[in-house]
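Source file query.pdb; content: PDB, C-alpha atoms, pLDDT in the B column.
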ATOM      1  CA  MET A 156      31.974 -40.697 -51.934  1.00 48.00           C
ATOM      2  CA  PRO A 157      28.983 -40.266 -49.548  1.00 50.00           C
ATOM      3  CA  SER A 158      27.557 -36.844 -48.896  1.00 58.00           C
ATOM      4  CA  LEU A 159      28.318 -35.365 -45.437  1.00 50.00           C
ATOM      5  CA  THR A 160      24.575 -35.371 -44.816  1.00 56.00           C
ATOM      6  CA  SER A 161      24.121 -39.076 -45.532  1.00 57.00           C
ATOM      7  CA  PRO A 162      23.305 -41.371 -42.584  1.00 57.00           C
ATOM      8  CA  VAL A 163      26.578 -43.293 -43.044  1.00 58.00           C
ATOM      9  CA  ALA A 164      28.688 -40.116 -43.014  1.00 49.00           C
ATOM     10  CA  LYS A 165      26.855 -38.819 -39.923  1.00 48.00           C
ATOM     11  CA  LEU A 166      27.435 -42.120 -38.143  1.00 46.00           C
ATOM     12  CA  LEU A 167      31.154 -42.081 -39.009  1.00 46.00           C
ATOM     13  CA  LEU A 168      31.556 -38.456 -37.887  1.00 43.00           C
ATOM     14  CA  THR A 169      29.753 -39.141 -34.604  1.00 44.00           C
ATOM     15  CA  ALA A 170      31.829 -42.269 -33.934  1.00 43.00           C
ATOM     16  CA  SER A 171      35.039 -40.359 -34.691  1.00 43.00           C
ATOM     17  CA  ALA A 172      34.084 -37.514 -32.347  1.00 40.00           C
ATOM     18  CA  LEU A 173      33.179 -39.921 -29.538  1.00 38.00           C
ATOM     19  CA  SER A 174      36.423 -41.851 -29.990  1.00 38.00           C
ATOM     20  CA  LEU A 175      38.484 -38.662 -29.883  1.00 38.00           C
ATOM     21  CA  THR A 176      36.651 -37.502 -26.744  1.00 37.00           C
ATOM     22  CA  ALA A 177      37.250 -40.845 -25.044  1.00 42.00           C
ATOM     23  CA  VAL A 178      40.996 -40.935 -25.712  1.00 44.00           C
ATOM     24  CA  THR A 179      41.658 -37.295 -24.888  1.00 42.00           C
ATOM     25  CA  GLY A 180      39.929 -37.707 -21.516  1.00 48.00           C
ATOM     26  CA  CYS A 181      42.406 -40.478 -20.666  1.00 49.00           C
ATOM     27  CA  GLY A 182      45.391 -38.343 -21.575  1.00 49.00           C
ATOM     28  CA  VAL A 183      46.320 -39.918 -24.924  1.00 54.00           C
ATOM     29  CA  PHE A 184      46.651 -36.435 -26.449  1.00 60.00           C
ATOM     30  CA  GLY A 185      47.893 -34.811 -23.236  1.00 74.00           C
ATOM     31  CA  GLY A 186      48.995 -35.737 -19.743  1.00 86.00           C
ATOM     32  CA  SER A 187      48.053 -39.032 -18.143  1.00 95.00           C
ATOM     33  CA  TRP A 188      48.583 -40.022 -14.516  1.00 98.00           C
ATOM     34  CA  ASP A 189      47.925 -42.990 -12.250  1.00 98.00           C
ATOM     35  CA  VAL A 190      46.030 -41.591  -9.252  1.00 98.00           C
ATOM     36  CA  LYS A 191      45.408 -43.457  -6.010  1.00 98.00           C
ATOM     37  CA  LEU A 192      42.958 -42.096  -3.437  1.00 98.00           C
ATOM     38  CA  GLU A 193      43.440 -43.528   0.055  1.00 98.00           C
ATOM     39  CA  VAL A 194      41.801 -43.236   3.469  1.00 98.00           C
ATOM     40  CA  ILE A 195      43.386 -44.975   6.436  1.00 97.00           C
ATOM     41  CA  GLY A 196      42.239 -45.125  10.017  1.00 96.00           C
ATOM     42  CA  GLU A 197      40.218 -47.155  12.475  1.00 94.00           C
ATOM     43  CA  GLY A 198      36.616 -48.213  12.175  1.00 95.00           C
ATOM     44  CA  SER A 199      34.569 -46.893   9.290  1.00 95.00           C
ATOM     45  CA  GLY A 200      33.464 -43.680   7.603  1.00 96.00           C
ATOM     46  CA  ASN A 201      31.532 -42.216   4.700  1.00 97.00           C
ATOM     47  CA  VAL A 202      33.874 -41.713   1.738  1.00 98.00           C
ATOM     48  CA  SER A 203      33.174 -39.304  -1.145  1.00 98.00           C
ATOM     49  CA  TYR A 204      35.560 -39.131  -4.101  1.00 98.00           C
ATOM     50  CA  ALA A 205      36.025 -38.000  -7.673  1.00 98.00           C
ATOM     51  CA  PHE A 206      38.699 -38.554 -10.282  1.00 98.00           C
ATOM     52  CA  SER A 207      39.526 -36.145 -13.124  1.00 96.00           C
ATOM     53  CA  GLY A 208      36.668 -36.131 -15.618  1.00 91.00           C
ATOM     54  CA  ASP A 209      34.180 -37.587 -13.123  1.00 91.00           C
ATOM     55  CA  ASN A 210      31.491 -34.888 -13.139  1.00 86.00           C
ATOM     56  CA  ASP A 211      29.249 -36.317 -10.427  1.00 91.00           C
ATOM     57  CA  GLY A 212      31.676 -37.999  -8.038  1.00 95.00           C
ATOM     58  CA  LYS A 213      30.816 -41.060  -5.999  1.00 97.00           C
ATOM     59  CA  SER A 214      30.222 -41.892  -2.361  1.00 97.00           C
ATOM     60  CA  GLU A 215      30.344 -45.021  -0.246  1.00 98.00           C
ATOM     61  CA  ASN A 216      28.740 -44.968   3.201  1.00 97.00           C
ATOM     62  CA  GLY A 217      29.831 -47.020   6.202  1.00 97.00           C
ATOM     63  CA  VAL A 218      33.072 -48.122   4.536  1.00 97.00           C
ATOM     64  CA  LYS A 219      35.447 -50.172   6.669  1.00 97.00           C
ATOM     65  CA  LEU A 220      38.857 -48.487   6.724  1.00 97.00           C
ATOM     66  CA  PRO A 221      41.422 -48.670   5.201  1.00 97.00           C
ATOM     67  CA  TRP A 222      39.911 -47.810   1.799  1.00 98.00           C
ATOM     68  CA  SER A 223      41.480 -46.972  -1.581  1.00 98.00           C
ATOM     69  CA  LYS A 224      40.621 -46.543  -5.260  1.00 98.00           C
ATOM     70  CA  SER A 225      42.975 -46.120  -8.231  1.00 98.00           C
ATOM     71  CA  GLN A 226      42.439 -44.876 -11.768  1.00 98.00           C
ATOM     72  CA  ASN A 227      44.426 -43.605 -14.741  1.00 97.00           C
ATOM     73  CA  VAL A 228      43.259 -40.043 -15.463  1.00 97.00           C
ATOM     74  CA  GLY A 229      43.883 -36.995 -17.626  1.00 95.00           C
ATOM     75  CA  TYR A 230      43.924 -33.346 -16.605  1.00 95.00           C
ATOM     76  CA  GLY A 231      41.665 -32.117 -13.814  1.00 96.00           C
ATOM     77  CA  PHE A 232      40.649 -32.310 -10.191  1.00 97.00           C
ATOM     78  CA  ASN A 233      40.921 -35.395  -7.974  1.00 98.00           C
ATOM     79  CA  ASP A 234      39.592 -35.434  -4.449  1.00 98.00           C
ATOM     80  CA  VAL A 235      38.657 -37.687  -1.575  1.00 98.00           C
ATOM     81  CA  ALA A 236      36.890 -36.838   1.680  1.00 98.00           C
ATOM     82  CA  VAL A 237      35.685 -38.883   4.618  1.00 97.00           C
ATOM     83  CA  THR A 238      33.046 -37.959   7.192  1.00 97.00           C
ATOM     84  CA  ASP A 239      32.029 -39.566  10.478  1.00 95.00           C
ATOM     85  CA  ALA A 240      35.580 -40.840  10.904  1.00 92.00           C
ATOM     86  CA  ALA A 241      37.748 -41.479  13.970  1.00 94.00           C
ATOM     87  CA  PRO A 242      40.271 -38.768  15.026  1.00 94.00           C
ATOM     88  CA  VAL A 243      43.195 -40.857  13.688  1.00 95.00           C
ATOM     89  CA  THR A 244      41.825 -40.927  10.106  1.00 97.00           C
ATOM     90  CA  VAL A 245      44.187 -39.814   7.315  1.00 98.00           C
ATOM     91  CA  CYS A 246      43.479 -39.166   3.634  1.00 98.00           C
ATOM     92  CA  ARG A 247      46.142 -39.308   0.924  1.00 98.00           C
ATOM     93  CA  ILE A 248      46.380 -38.836  -2.825  1.00 98.00           C
ATOM     94  CA  TYR A 249      49.249 -40.394  -4.766  1.00 98.00           C
ATOM     95  CA  VAL A 250      50.081 -39.435  -8.347  1.00 98.00           C
ATOM     96  CA  ASP A 251      52.292 -41.887 -10.237  1.00 98.00           C
ATOM     97  CA  GLY A 252      53.271 -43.414  -6.896  1.00 98.00           C
ATOM     98  CA  LYS A 253      54.304 -40.114  -5.277  1.00 98.00           C
ATOM     99  CA  LEU A 254      52.416 -38.638  -2.330  1.00 98.00           C
ATOM    100  CA  LYS A 255      50.877 -35.322  -3.464  1.00 98.00           C
ATOM    101  CA  ASP A 256      48.474 -34.508  -0.614  1.00 98.00           C
ATOM    102  CA  GLU A 257      47.973 -35.822   2.895  1.00 98.00           C
ATOM    103  CA  GLN A 258      45.641 -34.509   5.583  1.00 98.00           C
ATOM    104  CA  ARG A 259      45.857 -35.875   9.120  1.00 95.00           C
ATOM    105  CA  LYS A 260      43.525 -33.719  11.173  1.00 88.00           C
ATOM    106  CA  PRO A 261      39.806 -34.452  10.912  1.00 94.00           C
ATOM    107  CA  ASP A 262      37.649 -31.593  12.155  1.00 94.00           C
ATOM    108  CA  ALA A 263      35.288 -31.860  15.134  1.00 91.00           C
ATOM    109  CA  LYS A 264      32.696 -33.626  12.944  1.00 89.00           C
ATOM    110  CA  GLY A 265      35.211 -36.268  11.816  1.00 92.00           C
ATOM    111  CA  THR A 266      35.683 -34.805   8.331  1.00 97.00           C
ATOM    112  CA  VAL A 267      38.999 -34.735   6.475  1.00 97.00           C
ATOM    113  CA  GLY A 268      39.680 -34.283   2.768  1.00 98.00           C
ATOM    114  CA  CYS A 269      42.463 -34.211   0.182  1.00 98.00           C
ATOM    115  CA  PHE A 270      42.628 -32.526  -3.224  1.00 98.00           C
ATOM    116  CA  VAL A 271      45.012 -32.575  -6.215  1.00 98.00           C
ATOM    117  CA  ASN A 272      44.625 -30.679  -9.505  1.00 97.00           C
ATOM    118  CA  LEU A 273      46.563 -32.217 -12.386  1.00 97.00           C
ATOM    119  CA  GLN A 274      47.572 -29.831 -15.170  1.00 92.00           C
TER
END

Could you spell out this file's structure in structure tokens?
Amino acid sequence: MPSLTSPVAKLLLTASALSLTAVTGCGVFGGSWDVKLEVIGEGSGNVSYAFSGDNDGKSENGVKLPWSKSQNVGYGFNDVAVTDAAPVTVCRIYVDGKLKDEQRKPDAKGTVGCFVNLQ
């Protein structure tokens, strides 16, 4: 049996830890949901979004609406926001096909956002 300090044992322990981290983030050992972020409206806007476990978030500028992204996620925060959008712009977040948040009133700067925390 290899010592726990051997290179092979270290490699196996690291691989096991990474595998466990990867599956727990997707909800294998907890909750798991299909999340759809959606922005509908006329024209285009700058969309920023993040799914559970996405530490940095993403943004897409000058996106033609409608826009949507879907992902299977574990516990945590999911959000979508649009800026420089027309007054009729709406954001929505669906969880397992059910509408969980909808915002219909962009502010004076054309910004509207939605947020859902899965626990």

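Each of A:Cys246, A:Leu273, A:Leu254, A:Ala241 was checked against Gly229 of chain A using all atoms listed in the file; the smallest atom-to-atom distance is that of A:Leu273.
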
* Exercise: Lys264 of chain A partners within 9 Å, only C-alpha atoms, chain neighbours under 5 positions left out, as a PyMOL selection string -> chain A and resi 238-240

* Expanded to explicit residues, what is the PyMOL selection byres ((chain A and resi 259) around 7) for this file, as a VMD selection string? -> chain A and resid 244 to 246 257 to 258 260 to 261

* **Atomic separation - atom CA of Val237 of chain A relative to atom CA of Gly198 of chain A, Å** =>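 Straight-line distance from atom CA of Gly198 of chain A to atom CA of Val237 of chain A works out to 12.0 Å.
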
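Distances here use all atoms listed in the file; by that measure, the residue among A:Gly185, A:Pro221, A:Gly208, A:Gly200 closest to Gly265 of chain A is A:Gly200.
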
* Find the residue from A:Cys269, A:Val190, A:Val243, A:Ile195 that sits nearest to Asn227 of chain A; use all atoms listed in the file when measuring. =>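 Closest to Asn227 of chain A of all the choices is A:Val190.
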
Expected axis-aligned box over every listed atom of segment 188-198 of chain A, 8 Å added per side, centre plus edges in Å to one decimal, as lines of an AutoDock Vina configuration file:
center_x = 42.6
center_y = -44.1
center_z = -1.0
size_x = 28.0
size_y = 24.2
size_z = 43.0

* Pick from A:Pro242, A:Gly268, A:Gly231, A:Gly186 nearest to Val202 of chain A, counting all atoms listed in the file ->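 The closest residue to Val202 of chain A is A:Gly268.
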
* For Asp209 of chain A, which of A:Asp234, A:Tyr249, A:Gln274, A:Val267 is the closest residue, counting only C-alpha atoms? -> A:Asp234

* Return the single residue from A:Phe232, A:Glu197, A:Lys191, A:Ser223 that is closest to Asn210 of chain A, with distances computed using all atoms listed in the file. =>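 For Asn210 of chain A, the nearest of the candidates is A:Phe232.
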
* **Between atom CA of Ala236 of chain A and atom CA of Thr266 of chain A - distance in Å to one decimal** => 7.1 Å

* To do: Can you work out the spacing between atom CA of Glu193 of chain A and atom CA of Lys213 of chain A in Å, to one decimal?
  =>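 Straight-line distance from atom CA of Glu193 of chain A to atom CA of Lys213 of chain A works out to 14.2 Å.
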
* Asked: Care to translate the PyMOL selection byres ((chain A and resi 188) around 6) into actual residues of this file, as a PyMOL selection string?
  -> chain A and resi 187+189+227-228+251

* Asked: How would you write, as number ranges by chain, the residues chosen by the PyMOL selection byres ((chain A and resi 233) around 6) on this structure?
  -> A: 205-207, 232, 234, 270-271
